[in-house]
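Report on one structure; see the data block that follows.
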Amino acid sequence: MLRVENLYKSFGGIMALCDVSFRVEPKTITGLIGPNGSGKSTLFNVISGFYKKDKGDIYFEGQKIEALQPFSIALMGIGRTFQISEAPQKMTVMENLLLAPKDQIGEKIVNVFLHPSKIREQNEKDLQKAYEILKLVQLHDLRNEYSGNLSGGQKKLLSLGRILMFDPSLLLLDEPTAGVNPTLIKDLVIAIKKLRDEREKTILLVEHNMKVISEICDKVIVLNFGKKIAEGTPEEIQENEAVLEAYLSGSARQRGANGNS
Amino acid sequence: MSFTQIIINSIVRASELALLSLGLTIVYDILGFANFAHTEFAVVGVYLALFLNVSLGLGIVPAAIIASVLTGIIAIFIDRGVFKKMRSSGGIIVMVTSLGVAIALRNTVRAIWGASARNYSVALEKPIITPYFRITPLQIWIIVIGLAAMFLFHLLLHYTKLGKAMRAVSDDPELAQASGIATESIITYVWFIAIGFASVGGILIGMETYILPYMGFAIIVPVFCATIMGGIGNPYGAMLGALVLGFAENFGLYINFGQVLGIEKIFHISKGLFIPTGYKPAISFVILILVLLVRPRGILGKKKAG
Amino acid sequence: MRKLTLVCLGVFILAGISFAFSVQSSVAAEPIVIGSINPLTGTNAVQGTDMKRGEALALEEINAAGGIYGHPLKIIWEDTESSPRGGMDAVHKLVEINKVSVIIGAYSSGVSLPTGQWTNSKKVIQIAEASTSPKLREIGPYFFDVMGLDEVMGTKLAEFALESGAQTFASITVNNPFGIGIEIWTEKTVKKAGKTWLEAVRYDEKKTDYRAEIERLFAKNPDVVFFTAYGTESKLILKQAHEMGLKPAKGWYADYMTMWSNEVIPETAEGIKGLVIGTATGTRLKEYKAAYKNKYGAGAKQTAFGAYAYDATWIAALALSIAGKTNTDGIAKALYTAGGIYNGVTGDKSFDKDGMQVTDYYQRMIYTGGKLLPYK
Amino acid sequence: MGIINFLVYLAIMMAIYGILSLSLNLQYGFTGLANFGQVGFFCLGAYTSTTIVLVFKLPFILGLLGGMLASTLFGYIIAIPTADLKEDYWAIVTLAAAEIIRIFFLNESWVVGGGPYVGGAFGVGGIPQPLRSLFSAYTYPFFYLGIALLCLLVAYLVINSVTRSPFGRVIKSIREGDNLAQAMGKDIRKFRIKVMALGGAFGGLAGCLWAHYHGFISPEQFLPLETFLVWAMVIVGGKGNNKGAILGAVIIMAFYNSTRFLKDYIPIEEVTLASLRMVVIGVLIVAAMLFMKEGLIKEKKTIY
């Protein structure tokens, strides 16, 4: 499904990604873990086209995608969320969801005047879908609230809802449970599993909550200082020496040294 | 003669522009917005110097220094009153606000001092004549002050605590704040330095030419072009941009494009193919757009981390 | 102090007319209102302010001389903001709200043309003071102009320069209707005389650097350079040319020299020859300048245009007096009479059939030692 | 009677500037594009229409459409290479582009037919007014007000339907930042270009209306100051709200003209008054940005 080969990316003198290779198989959930600043979000940004790689190749369903614009990568079927959730100040939760669907007729100016009824029809369908998703992520009551006013956890839920609405075949989820309240996390875990099992989606997610990782992931990839240091099932990873060491030294490292890399 | 003279003219112009674009670029770097009121602040300095010089009879040098310091302080006050309240707003909102500040400042100056052209009480200088070019002592001063400002700024940025803090804030404001750098006090210094430099630049232009309430608007566009061309937020880029613009403005009208492109003989253009003089104000705009087409972040543009 | 022939004449006419009307105007003191539009702000604010002062000076004298058949004259000044939109706003307000039947102004042809077209459609008199575009002729019967159009000045100036025996010519003019009007006519005249026209440089107003334009101007070493500039820019252009050591072999030739003569640095303008309005050295102008200085102080900047505005105000007042209580057609007719009898600061003010100034007398001058002196 | 005529004139100006303000609101208020060269559209529309009607002797309606088309193309062309630029760069590039247009018309007289004292710095007069012969000098402004209001209505309806459509949703998300829209598969470049083109069309329309009402245009009318007035209209009226944009135009134009009356009653130098008037415009922009971030009419929330 997704194949990353010998990927390099540096910022100034800092090597954010160094010779990273891995595969994501269809209809699996792959976890991406590593201490802060290990290059997880950079990897997401390179895959989704927001950063341009220095070296290496990225294939999605057999096609090279690294030269494409972020929006075309998205349209090919790679949806993503952001570590710091994008939540427009002046758009309601519902508008956020309605923004997501692909191929909206009403995104062309001429159609606004030529096919208003088709637009209305499509909008009606999208609305129905949006209501369902809102219930799933428990934002139904907040649908008319400006997304900028949501709490951090709610914003995470919103981005999950938005990506469900967008409906890609590969979902890149950046810390989907951060800040979300514990009881809801359970529901989220179930929902994410359902995506794989019932809707045949492929998921790559960055997560700090090891419980969540071990519960849902088929495979885990560990990054440290931009390098892949381990890959395997959650159980294998938990016993991996290199990983333990990385986490121990990682926690000693100053927190928040580079929240973004 | 005229070729070397044009080089001198270009350098003088570049030095004036550099003094102004330097401040514009560091305000952008630290505060993250394009300040459309930048040259209007300079005009405030120019008129304060005029008041000190002509109305109070101070020498031009002390007048310039006092006026620049005062203008720097005024800038700090306006920052406290206006821009400080929008630190967390996006660059575009602050930029539009600065436009309002610019309009208000320009017209306040005009309401107080009137619209006519004024001059400092300085005598006409005798140019120094060499076989290759002529230059006035004031123009030498402009070049020297321009270079000195750049050098001082370089020292400031790399060898002082303030400079290091400024660079830290520029690279990552949140991290800088977290590691205990007092961002607000840095911002105060930045305003003072930026507007102080701008005021000096404005006063030098005023000494060399004339003083008008309108001059801030007349130079804002070239100053912006220089800053953006070099890569907004980068002080060295601002200097480079000023140099490019200084040369472009002066050589733009001088170059025979027919000859340069080798089409003079083909089309029998006996008079040569020059840019019509009426298009001179457009030269900087066209160069700006061309530069941005090739390098969307300017010549020395940098990408901010994060 | 100001024992002007004109004022005597004016007082005489006004007194006579006001006596004739004194029976009706027993209420008196009800002012006769006219409007004025000047660029009080924007790029031409300096000239506009000077013109307003000229009008105010005339107004004071008119009212001191008894006003218009016993009524004081009142001017409502409006700002054009140096833009056509501002000008249109201003004339609409003056005509619709203040109900004036005479408007003085505007400064540039760019504002006089659109405002003139509209006031003319409203049958309101407009008297332009400093617009010189020949297009003004076509506006209509209610539009007048007290300044000689460019064609006269440009031709006369070129003829003057041709006498120097120069072979090659160039010009540097401001890129607006006034500057280009002069450029067109000097170039035409030079070419007609079979001489070489090298370069016509146009510059933008209010810039802080003209070295590139000056280099271009002198690139082919013209014998004569024609030069048109407002005070502000002349000072800088002449200074920068002087610093760069550039000077035409047979000298600079300038029009309307009083526009800049008291602003330039004397050394940089030494030896410039050119033309001034015929009576610029006459007693009328001297008196006008003295009165101006007296009223506004020595620091007030005089441009060439204040005097035209002053004359326009007097002509308007005279026409209103002659026409009495009548409609604008009457005033338009009276304006021709008033223009004929009025001895202006800026010379003879007679109008031709289109309401344009018939003549402008020009006198040859040379700028030397910081002063304008008649050229031998 | 006179007052009515004056108000009609004022209303025509308000309608024309209302269209400009709607167009800028689409660009800035909805899409976050800081166009500091709005006057470029105004200028291009006015000159194109003038050329079509005056030089090619075609009817007014073709001039209007031609003017809109030219500004649309210009918006399109300027946006293609610059759509990826940052907002600060965008502001200065659009300002530069508008100045290039003005300088072009200042130096090229042939575009409006040429001839002695026509075009270039001289400007061009005698621009025909549509159906002028059917009305008297007193009734014509009423008719033209009808045309202007009709155009304003069309501009409002078009821009309002566009901003309320899915297209409007996308440009709003672009205003709030590039990332989200891109992650949702939206080609933000294309959207920006379309916004500039549509904004250009209406900017151009305003220019045509101006030219044909006054019958005279010159480069002097199209200085950057006009752009800043339109900015004040959008900001004071309420960015992101189309009714607000029109209200802003009404308020700023009314303010601009009412200060003329002030000085008939208060003894104040016109120069000072005019300067103070601009000070007020500047302070209004700052105050609105500080204390009334949303302007007089808030952006409308869509409720589901």
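If you're wondering about the labels, chains in the structure tokens are A, B, ... by order shown, residues count from 1 in each chain, ligands from 1 in order shown.
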
Original post:
Where in stretch 231-357 of chain C does DSSP assign alpha helix (DSSP H), given as a ChimeraX atom specification?
Top reply: /C:231-243,283-296,305-323,328-341

With 8 Å as the cut-off and only C-alpha atoms counted, what is the closest atom pair between each nearby residue of chain C and chain B? Distances in Å to one decimal, ordered by chain and number, as a tab-separated table.
residue	atom	partner	partner_atom	distance
C:Thr41	CA	B:Ala115	CA	7.4
C:Thr43	CA	B:Tyr214	CA	7.8
C:Ala45	CA	B:Ala115	CA	6.0
C:Val46	CA	B:Ser116	CA	5.1
C:Asn175	CA	B:Gly278	CA	6.9
C:Val201	CA	B:Thr277	CA	5.6
C:Arg202	CA	B:Gly278	CA	5.2
C:Tyr203	CA	B:Gly278	CA	5.9
C:Asp204	CA	B:Gly278	CA	7.2
C:Lys206	CA	B:Ala218	CA	7.2
C:Lys207	CA	B:Ala218	CA	6.1
C:Thr208	CA	B:Thr209	CA	6.2
C:Asp209	CA	B:Thr209	CA	7.6
C:Arg211	CA	B:Asn9	CA	7.0
C:Ala212	CA	B:Asn250	CA	4.7
C:Glu213	CA	B:Thr277	CA	6.7
C:Glu215	CA	B:Ser2	CA	7.3
C:Arg216	CA	B:Tyr254	CA	6.1
C:Ala219	CA	B:Ser2	CA	8.0
C:Thr232	CA	B:Ala117	CA	6.1
C:Leu236	CA	B:Thr209	CA	5.8
C:Glu243	CA	B:Pro127	CA	5.7
C:Met244	CA	B:Arg134	CA	5.7
C:Gly245	CA	B:Arg134	CA	7.3
C:Ile265	CA	B:Leu124	CA	7.6
C:Lys301	CA	B:Ser116	CA	7.7

The selected residues should be written to file as a tab-separated table (two decimals), in the first residue's frame (atoms: N, CA, C and O atoms).
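For reference, part26.tsv as written:
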chain	number	residue	atom	x	y	z
C	41	THR	N	-5.22	68.94	-0.50
C	41	THR	CA	-4.44	67.81	0.01
C	41	THR	C	-4.04	66.97	-1.20
C	41	THR	O	-4.48	67.22	-2.31
C	43	THR	N	-1.23	65.14	-3.86
C	43	THR	CA	0.06	65.46	-4.46
C	43	THR	C	0.23	66.95	-4.80
C	43	THR	O	1.33	67.46	-4.82
C	45	ALA	N	-1.00	69.57	-3.16
C	45	ALA	CA	-1.47	70.38	-2.05
C	45	ALA	C	-0.76	71.73	-1.95
C	45	ALA	O	-1.37	72.73	-1.56
C	46	VAL	N	0.51	71.78	-2.32
C	46	VAL	CA	1.25	73.03	-2.18
C	46	VAL	C	0.66	74.11	-3.09
C	46	VAL	O	0.34	75.22	-2.67
C	175	ASN	N	5.72	64.30	-15.66
C	175	ASN	CA	4.82	63.44	-16.43
C	175	ASN	C	3.36	63.70	-16.05
C	175	ASN	O	2.69	62.88	-15.45
C	201	VAL	N	12.68	63.47	-21.62
C	201	VAL	CA	12.63	62.72	-20.36
C	201	VAL	C	11.40	63.17	-19.57
C	201	VAL	O	11.13	64.36	-19.45
C	202	ARG	N	10.65	62.19	-19.09
C	202	ARG	CA	9.49	62.51	-18.23
C	202	ARG	C	9.75	61.95	-16.85
C	202	ARG	O	10.19	60.81	-16.71
C	203	TYR	N	9.46	62.73	-15.84
C	203	TYR	CA	9.70	62.21	-14.49
C	203	TYR	C	8.43	62.26	-13.66
C	203	TYR	O	7.51	63.00	-13.95
C	204	ASP	N	8.44	61.45	-12.62
C	204	ASP	CA	7.32	61.37	-11.69
C	204	ASP	C	7.48	62.41	-10.61
C	204	ASP	O	8.58	62.63	-10.13
C	206	LYS	N	7.40	64.28	-6.94
C	206	LYS	CA	7.60	63.97	-5.52
C	206	LYS	C	8.47	62.75	-5.25
C	206	LYS	O	8.31	62.08	-4.24
C	207	LYS	N	9.38	62.43	-6.14
C	207	LYS	CA	10.29	61.33	-5.86
C	207	LYS	C	11.54	61.91	-5.19
C	207	LYS	O	11.77	63.12	-5.23
C	208	THR	N	12.31	61.03	-4.58
C	208	THR	CA	13.46	61.54	-3.84
C	208	THR	C	14.77	61.34	-4.59
C	208	THR	O	15.84	61.53	-4.02
C	209	ASP	N	14.72	60.94	-5.83
C	209	ASP	CA	15.96	60.73	-6.56
C	209	ASP	C	15.69	60.84	-8.04
C	209	ASP	O	14.85	60.12	-8.58
C	211	ARG	N	18.49	61.11	-10.28
C	211	ARG	CA	19.79	61.02	-10.95
C	211	ARG	C	19.71	60.18	-12.23
C	211	ARG	O	20.34	60.51	-13.23
C	212	ALA	N	18.93	59.10	-12.17
C	212	ALA	CA	18.84	58.24	-13.35
C	212	ALA	C	18.25	59.02	-14.53
C	212	ALA	O	18.73	58.92	-15.66
C	213	GLU	N	17.21	59.82	-14.24
C	213	GLU	CA	16.59	60.62	-15.30
C	213	GLU	C	17.59	61.64	-15.86
C	213	GLU	O	17.64	61.88	-17.07
C	215	GLU	N	20.93	61.47	-15.83
C	215	GLU	CA	21.93	60.78	-16.65
C	215	GLU	C	21.41	60.54	-18.06
C	215	GLU	O	22.10	60.75	-19.04
C	216	ARG	N	20.19	60.08	-18.13
C	216	ARG	CA	19.58	59.80	-19.42
C	216	ARG	C	19.46	61.06	-20.26
C	216	ARG	O	19.75	61.07	-21.45
C	219	ALA	N	22.82	61.96	-21.67
C	219	ALA	CA	23.58	60.88	-22.30
C	219	ALA	C	24.13	61.29	-23.66
C	219	ALA	O	25.22	60.89	-24.05
C	232	THR	N	9.21	72.18	-6.00
C	232	THR	CA	9.77	71.09	-5.22
C	232	THR	C	10.79	70.28	-6.01
C	232	THR	O	11.91	70.07	-5.58
C	236	LEU	N	15.45	69.85	-6.57
C	236	LEU	CA	16.21	68.61	-6.50
C	236	LEU	C	16.89	68.29	-7.83
C	236	LEU	O	18.06	67.93	-7.88
C	243	GLU	N	25.43	68.73	-8.95
C	243	GLU	CA	26.39	67.87	-8.25
C	243	GLU	C	27.08	66.90	-9.20
C	243	GLU	O	28.24	66.54	-9.01
C	244	MET	N	26.34	66.47	-10.19
C	244	MET	CA	26.93	65.52	-11.13
C	244	MET	C	27.72	66.24	-12.22
C	244	MET	O	28.27	65.62	-13.12
C	245	GLY	N	27.74	67.58	-12.13
C	245	GLY	CA	28.52	68.37	-13.08
C	245	GLY	C	27.94	68.37	-14.48
C	245	GLY	O	28.65	68.55	-15.46
C	265	ILE	N	18.24	76.40	-5.12
C	265	ILE	CA	19.50	76.88	-4.56
C	265	ILE	C	20.17	77.71	-5.66
C	265	ILE	O	20.41	77.20	-6.76
C	301	LYS	N	4.67	79.93	1.18
C	301	LYS	CA	5.27	79.61	-0.11
C	301	LYS	C	4.38	80.07	-1.26
C	301	LYS	O	3.20	79.78	-1.31

**OP:** May I ask you to extract the residues of chain A within 6 Å of chain D, using only C-alpha atoms, and to give them as a list in words?
**Re:** Pro70, Phe71, Ala74, Leu75, Pro88, Ala100, Gly106, Glu107 and Asn144 of chain A

Could you save those same residues with N, CA, C and O atoms as a short mmCIF file (atom, residue, chain, number, x, y, z; two decimals), in the first residue's frame?
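This is the output file out16.cif:
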data_model
loop_
_atom_site.label_atom_id
_atom_site.label_comp_id
_atom_site.auth_asym_id
_atom_site.auth_seq_id
_atom_site.Cartn_x
_atom_site.Cartn_y
_atom_site.Cartn_z
N PRO A 70 0.66 18.53 -2.09
CA PRO A 70 -0.09 17.91 -0.99
C PRO A 70 -1.52 17.57 -1.36
O PRO A 70 -2.01 16.49 -1.03
N PHE A 71 -2.16 18.48 -2.12
CA PHE A 71 -3.58 18.22 -2.39
C PHE A 71 -3.77 17.03 -3.32
O PHE A 71 -4.71 16.27 -3.18
N ALA A 74 -3.40 13.94 -1.37
CA ALA A 74 -4.64 13.72 -0.62
C ALA A 74 -5.70 13.10 -1.53
O ALA A 74 -6.39 12.17 -1.14
N LEU A 75 -5.80 13.63 -2.75
CA LEU A 75 -6.84 13.13 -3.65
C LEU A 75 -6.57 11.69 -4.09
O LEU A 75 -7.48 10.96 -4.44
N PRO A 88 -10.17 25.84 12.07
CA PRO A 88 -10.41 27.22 11.64
C PRO A 88 -11.24 28.01 12.67
O PRO A 88 -12.24 27.51 13.18
N ALA A 100 -14.84 18.61 3.84
CA ALA A 100 -13.98 17.48 3.53
C ALA A 100 -14.31 16.68 2.26
O ALA A 100 -13.40 16.30 1.54
N GLY A 106 -20.19 21.91 -6.06
CA GLY A 106 -20.27 23.32 -5.71
C GLY A 106 -18.94 23.99 -5.49
O GLY A 106 -18.88 25.17 -5.15
N GLU A 107 -17.85 23.25 -5.68
CA GLU A 107 -16.55 23.90 -5.56
C GLU A 107 -16.15 24.58 -6.86
O GLU A 107 -15.11 25.22 -6.94
N ASN A 144 -22.66 23.52 15.72
CA ASN A 144 -22.72 24.91 15.29
C ASN A 144 -21.74 25.81 16.04
O ASN A 144 -21.82 27.03 15.98
#

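DSSP, applied to the backbone of this structure, assigns strand (DSSP E or B) to the following residues of stretch 184-258 of chain C: C:Thr196, C:Trp197, C:Leu198, C:Glu199, C:Ala200, C:Val201, C:Arg202, C:Tyr203, C:Val224, C:Val225, C:Phe226, C:Phe227, C:Thr228, C:Trp252, C:Tyr253, C:Ala254.
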
**OP:** Provide as a PyMOL selection string the residues of chain D at most 7 Å from chain C, counting only C-alpha atoms.
**Re:** chain D and resi 2-3+5-6+117+121-123+137+214-216+218+220-221+270-271+274

Go ahead and dump the residues you just picked, N, CA and C atoms, as a short mmCIF file (atom, residue, chain, number, x, y, z; two decimals), in the first residue's frame.
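Generated output (out-v7.cif):
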data_model
loop_
_atom_site.label_atom_id
_atom_site.label_comp_id
_atom_site.auth_asym_id
_atom_site.auth_seq_id
_atom_site.Cartn_x
_atom_site.Cartn_y
_atom_site.Cartn_z
N GLY D 2 -32.05 70.19 -4.51
CA GLY D 2 -30.60 70.09 -4.63
C GLY D 2 -30.05 68.98 -3.77
N ILE D 3 -30.62 68.90 -2.58
CA ILE D 3 -30.14 67.86 -1.66
C ILE D 3 -30.39 66.48 -2.25
N ASN D 5 -30.55 65.71 -5.42
CA ASN D 5 -29.56 65.47 -6.47
C ASN D 5 -28.22 65.08 -5.88
N PHE D 6 -27.85 65.78 -4.82
CA PHE D 6 -26.57 65.47 -4.19
C PHE D 6 -26.58 64.04 -3.63
N TYR D 117 -3.50 65.50 -27.08
CA TYR D 117 -4.06 65.71 -25.74
C TYR D 117 -5.12 64.69 -25.35
N ALA D 121 -1.09 61.01 -19.63
CA ALA D 121 -1.30 61.87 -18.48
C ALA D 121 -2.53 62.78 -18.67
N PHE D 122 -2.89 63.04 -19.92
CA PHE D 122 -4.02 63.95 -20.17
C PHE D 122 -5.35 63.35 -19.77
N GLY D 123 -5.37 62.03 -19.68
CA GLY D 123 -6.65 61.39 -19.42
C GLY D 123 -7.49 61.39 -20.67
N ALA D 137 -30.62 66.58 -17.99
CA ALA D 137 -29.47 66.62 -17.08
C ALA D 137 -29.91 66.32 -15.66
N HIS D 214 -18.77 59.61 -14.98
CA HIS D 214 -18.08 60.89 -14.99
C HIS D 214 -17.69 61.34 -16.39
N GLY D 215 -17.62 60.38 -17.31
CA GLY D 215 -17.28 60.75 -18.68
C GLY D 215 -15.82 61.11 -18.86
N PHE D 216 -15.04 60.94 -17.83
CA PHE D 216 -13.63 61.30 -17.94
C PHE D 216 -12.82 60.42 -17.00
N SER D 218 -8.56 59.55 -15.85
CA SER D 218 -7.14 59.81 -16.02
C SER D 218 -6.39 59.00 -14.96
N GLU D 220 -4.62 59.81 -12.67
CA GLU D 220 -4.68 60.41 -11.33
C GLU D 220 -5.72 59.78 -10.42
N GLN D 221 -6.78 59.26 -11.05
CA GLN D 221 -7.87 58.69 -10.27
C GLN D 221 -7.50 57.36 -9.62
N GLU D 270 -9.05 74.17 5.66
CA GLU D 270 -9.39 72.99 4.87
C GLU D 270 -8.24 72.00 4.83
N VAL D 271 -7.01 72.53 4.78
CA VAL D 271 -5.86 71.63 4.71
C VAL D 271 -5.83 70.76 5.95
N ALA D 274 -8.77 68.33 5.87
CA ALA D 274 -8.55 67.21 4.96
C ALA D 274 -7.54 66.23 5.54
#

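A straight line drawn from atom CA of B:Phe36 to atom CA of B:Glu184 is 21.1 Å long.
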
**OP:** Find the spatial neighbours of stretch 183-190 of chain A, counting only C-alpha atoms, within a cut-off of 9 Å - ignore same-chain residues fewer than 2 positions away - and output them as a list of chain:residue names.
**Re:**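 After dropping sequence-adjacent residues, the list is A:Leu136, A:Val137, A:Gln138, A:Leu157, A:Pro176, A:Thr177, A:Val180, A:Asn181, A:Ile192, A:Lys193, A:Lys194, A:Leu195, A:Val212, A:Glu215, A:Ile216.
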
Please produce a file of those selected residues containing N, CA and C atoms, as an mmCIF file, in the first residue's frame.
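And here's result_7.cif as it stands now:
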data_model
loop_
_atom_site.group_PDB
_atom_site.id
_atom_site.type_symbol
_atom_site.label_atom_id
_atom_site.label_comp_id
_atom_site.auth_asym_id
_atom_site.auth_seq_id
_atom_site.Cartn_x
_atom_site.Cartn_y
_atom_site.Cartn_z
ATOM 1 N N LEU A 136 -20.540 9.770 16.086
ATOM 2 C CA LEU A 136 -19.431 8.869 16.374
ATOM 3 C C LEU A 136 -18.353 9.569 17.200
ATOM 4 N N VAL A 137 -17.971 10.784 16.788
ATOM 5 C CA VAL A 137 -16.900 11.484 17.513
ATOM 6 C C VAL A 137 -17.468 12.363 18.628
ATOM 7 N N GLN A 138 -18.744 12.204 18.873
ATOM 8 C CA GLN A 138 -19.417 12.888 19.992
ATOM 9 C C GLN A 138 -19.302 14.415 19.942
ATOM 10 N N LEU A 157 -10.806 15.235 17.969
ATOM 11 C CA LEU A 157 -11.973 14.488 17.508
ATOM 12 C C LEU A 157 -12.489 15.058 16.200
ATOM 13 N N PRO A 176 -4.025 10.805 17.492
ATOM 14 C CA PRO A 176 -5.481 11.013 17.493
ATOM 15 C C PRO A 176 -6.092 11.049 18.896
ATOM 16 N N THR A 177 -5.411 10.505 19.896
ATOM 17 C CA THR A 177 -6.050 10.454 21.219
ATOM 18 C C THR A 177 -5.477 11.471 22.197
ATOM 19 N N VAL A 180 -7.711 13.735 24.494
ATOM 20 C CA VAL A 180 -9.093 13.255 24.476
ATOM 21 C C VAL A 180 -9.379 12.558 25.811
ATOM 22 N N ASN A 181 -10.616 12.697 26.319
ATOM 23 C CA ASN A 181 -10.851 12.157 27.651
ATOM 24 C C ASN A 181 -10.898 10.629 27.620
ATOM 25 N N ILE A 192 -11.567 3.111 15.379
ATOM 26 C CA ILE A 192 -10.420 2.965 14.478
ATOM 27 C C ILE A 192 -10.285 1.508 14.026
ATOM 28 N N LYS A 193 -10.492 0.604 14.959
ATOM 29 C CA LYS A 193 -10.450 -0.817 14.592
ATOM 30 C C LYS A 193 -11.511 -1.130 13.533
ATOM 31 N N LYS A 194 -12.693 -0.566 13.747
ATOM 32 C CA LYS A 194 -13.790 -0.802 12.803
ATOM 33 C C LYS A 194 -13.410 -0.333 11.402
ATOM 34 N N LEU A 195 -12.694 0.781 11.357
ATOM 35 C CA LEU A 195 -12.264 1.305 10.058
ATOM 36 C C LEU A 195 -11.468 0.260 9.296
ATOM 37 N N VAL A 212 -2.927 2.110 23.810
ATOM 38 C CA VAL A 212 -3.653 2.181 22.539
ATOM 39 C C VAL A 212 -2.866 1.448 21.462
ATOM 40 N N GLU A 215 -3.042 -2.219 21.755
ATOM 41 C CA GLU A 215 -4.389 -2.734 21.554
ATOM 42 C C GLU A 215 -4.763 -2.811 20.072
ATOM 43 N N ILE A 216 -4.354 -1.840 19.278
ATOM 44 C CA ILE A 216 -4.878 -1.799 17.909
ATOM 45 C C ILE A 216 -3.855 -2.076 16.816
#

Once you count only C-alpha atoms, what closest atom pair and distance in Å to one decimal does each residue of chain B within 7 Å of chain D have, with rows by chain and rising residue number, as JSON lines?
{"residue": "B:Ala34", "atom": "CA", "partner": "D:Asp88", "partner_atom": "CA", "distance": 6.0}
{"residue": "B:Ile92", "atom": "CA", "partner": "D:Glu87", "partner_atom": "CA", "distance": 6.6}
{"residue": "B:Thr97", "atom": "CA", "partner": "D:Val286", "partner_atom": "CA", "distance": 5.1}
{"residue": "B:Gly100", "atom": "CA", "partner": "D:Gly282", "partner_atom": "CA", "distance": 4.0}
{"residue": "B:Val101", "atom": "CA", "partner": "D:Gly282", "partner_atom": "CA", "distance": 5.9}
{"residue": "B:Ile103", "atom": "CA", "partner": "D:Gly282", "partner_atom": "CA", "distance": 4.9}
{"residue": "B:Ala104", "atom": "CA", "partner": "D:Val279", "partner_atom": "CA", "distance": 4.1}
{"residue": "B:Asn107", "atom": "CA", "partner": "D:Ser275", "partner_atom": "CA", "distance": 5.0}
{"residue": "B:Thr108", "atom": "CA", "partner": "D:Val279", "partner_atom": "CA", "distance": 6.3}
{"residue": "B:Arg110", "atom": "CA", "partner": "D:Ser275", "partner_atom": "CA", "distance": 6.4}
{"residue": "B:Ala111", "atom": "CA", "partner": "D:Thr272", "partner_atom": "CA", "distance": 4.9}
{"residue": "B:Gly278", "atom": "CA", "partner": "D:Asn107", "partner_atom": "CA", "distance": 6.2}
{"residue": "B:Tyr279", "atom": "CA", "partner": "D:Ile103", "partner_atom": "CA", "distance": 6.6}
{"residue": "B:Ala282", "atom": "CA", "partner": "D:Ile100", "partner_atom": "CA", "distance": 5.7}
{"residue": "B:Phe285", "atom": "CA", "partner": "D:Ala96", "partner_atom": "CA", "distance": 5.2}
{"residue": "B:Ile289", "atom": "CA", "partner": "D:Val93", "partner_atom": "CA", "distance": 6.7}
{"residue": "B:Leu293", "atom": "CA", "partner": "D:Pro81", "partner_atom": "CA", "distance": 6.3}
{"residue": "B:Pro296", "atom": "CA", "partner": "D:Leu85", "partner_atom": "CA", "distance": 6.3}

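Taking atom CA of A:Ile47 and atom CA of A:Ile73 as endpoints, the distance between them is 8.5 Å.
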
**OP:** Do a neighbour search on stretch 94-98 of chain A at 10 Å with only C-alpha atoms, toss out local chain neighbours closer than 3 positions, and write the hits as an MDAnalysis selection string.
**Re:** (chainID A and resid 86:88 90:91 101:102 104 123 126:127 129:131 133:134 139:140 142:147 158:166) or (chainID D and resid 166 169:170 172:173 180 301:304)

Subject >> Length of the atom CA of B:Phe77 to atom CA of B:Phe192 vector [Å] >> reply: 10.2 Å

**OP:** Write out as a count of residues only each polymer residue whose atoms come within 10 Å of A:Ala246, counting only C-alpha atoms; drop sequence neighbours fewer than 6 positions from it.
**Re:** 9

**OP:** Quick one: everything within 10 Å of B:Gly23, counting only C-alpha atoms, minus sequence neighbours fewer than 4 positions away in the same chain. Send it as a list in words.
**Re:** Ala18, Leu19, Val27, Tyr28, Asp29, Asn35, His38, Thr39, Val190, Trp191, Phe192, Ile193, Ala194, Ile195, Gly196, Phe197, Ala198, Ser199, Thr227, Gly233, Pro235 and Ala238 of chain B
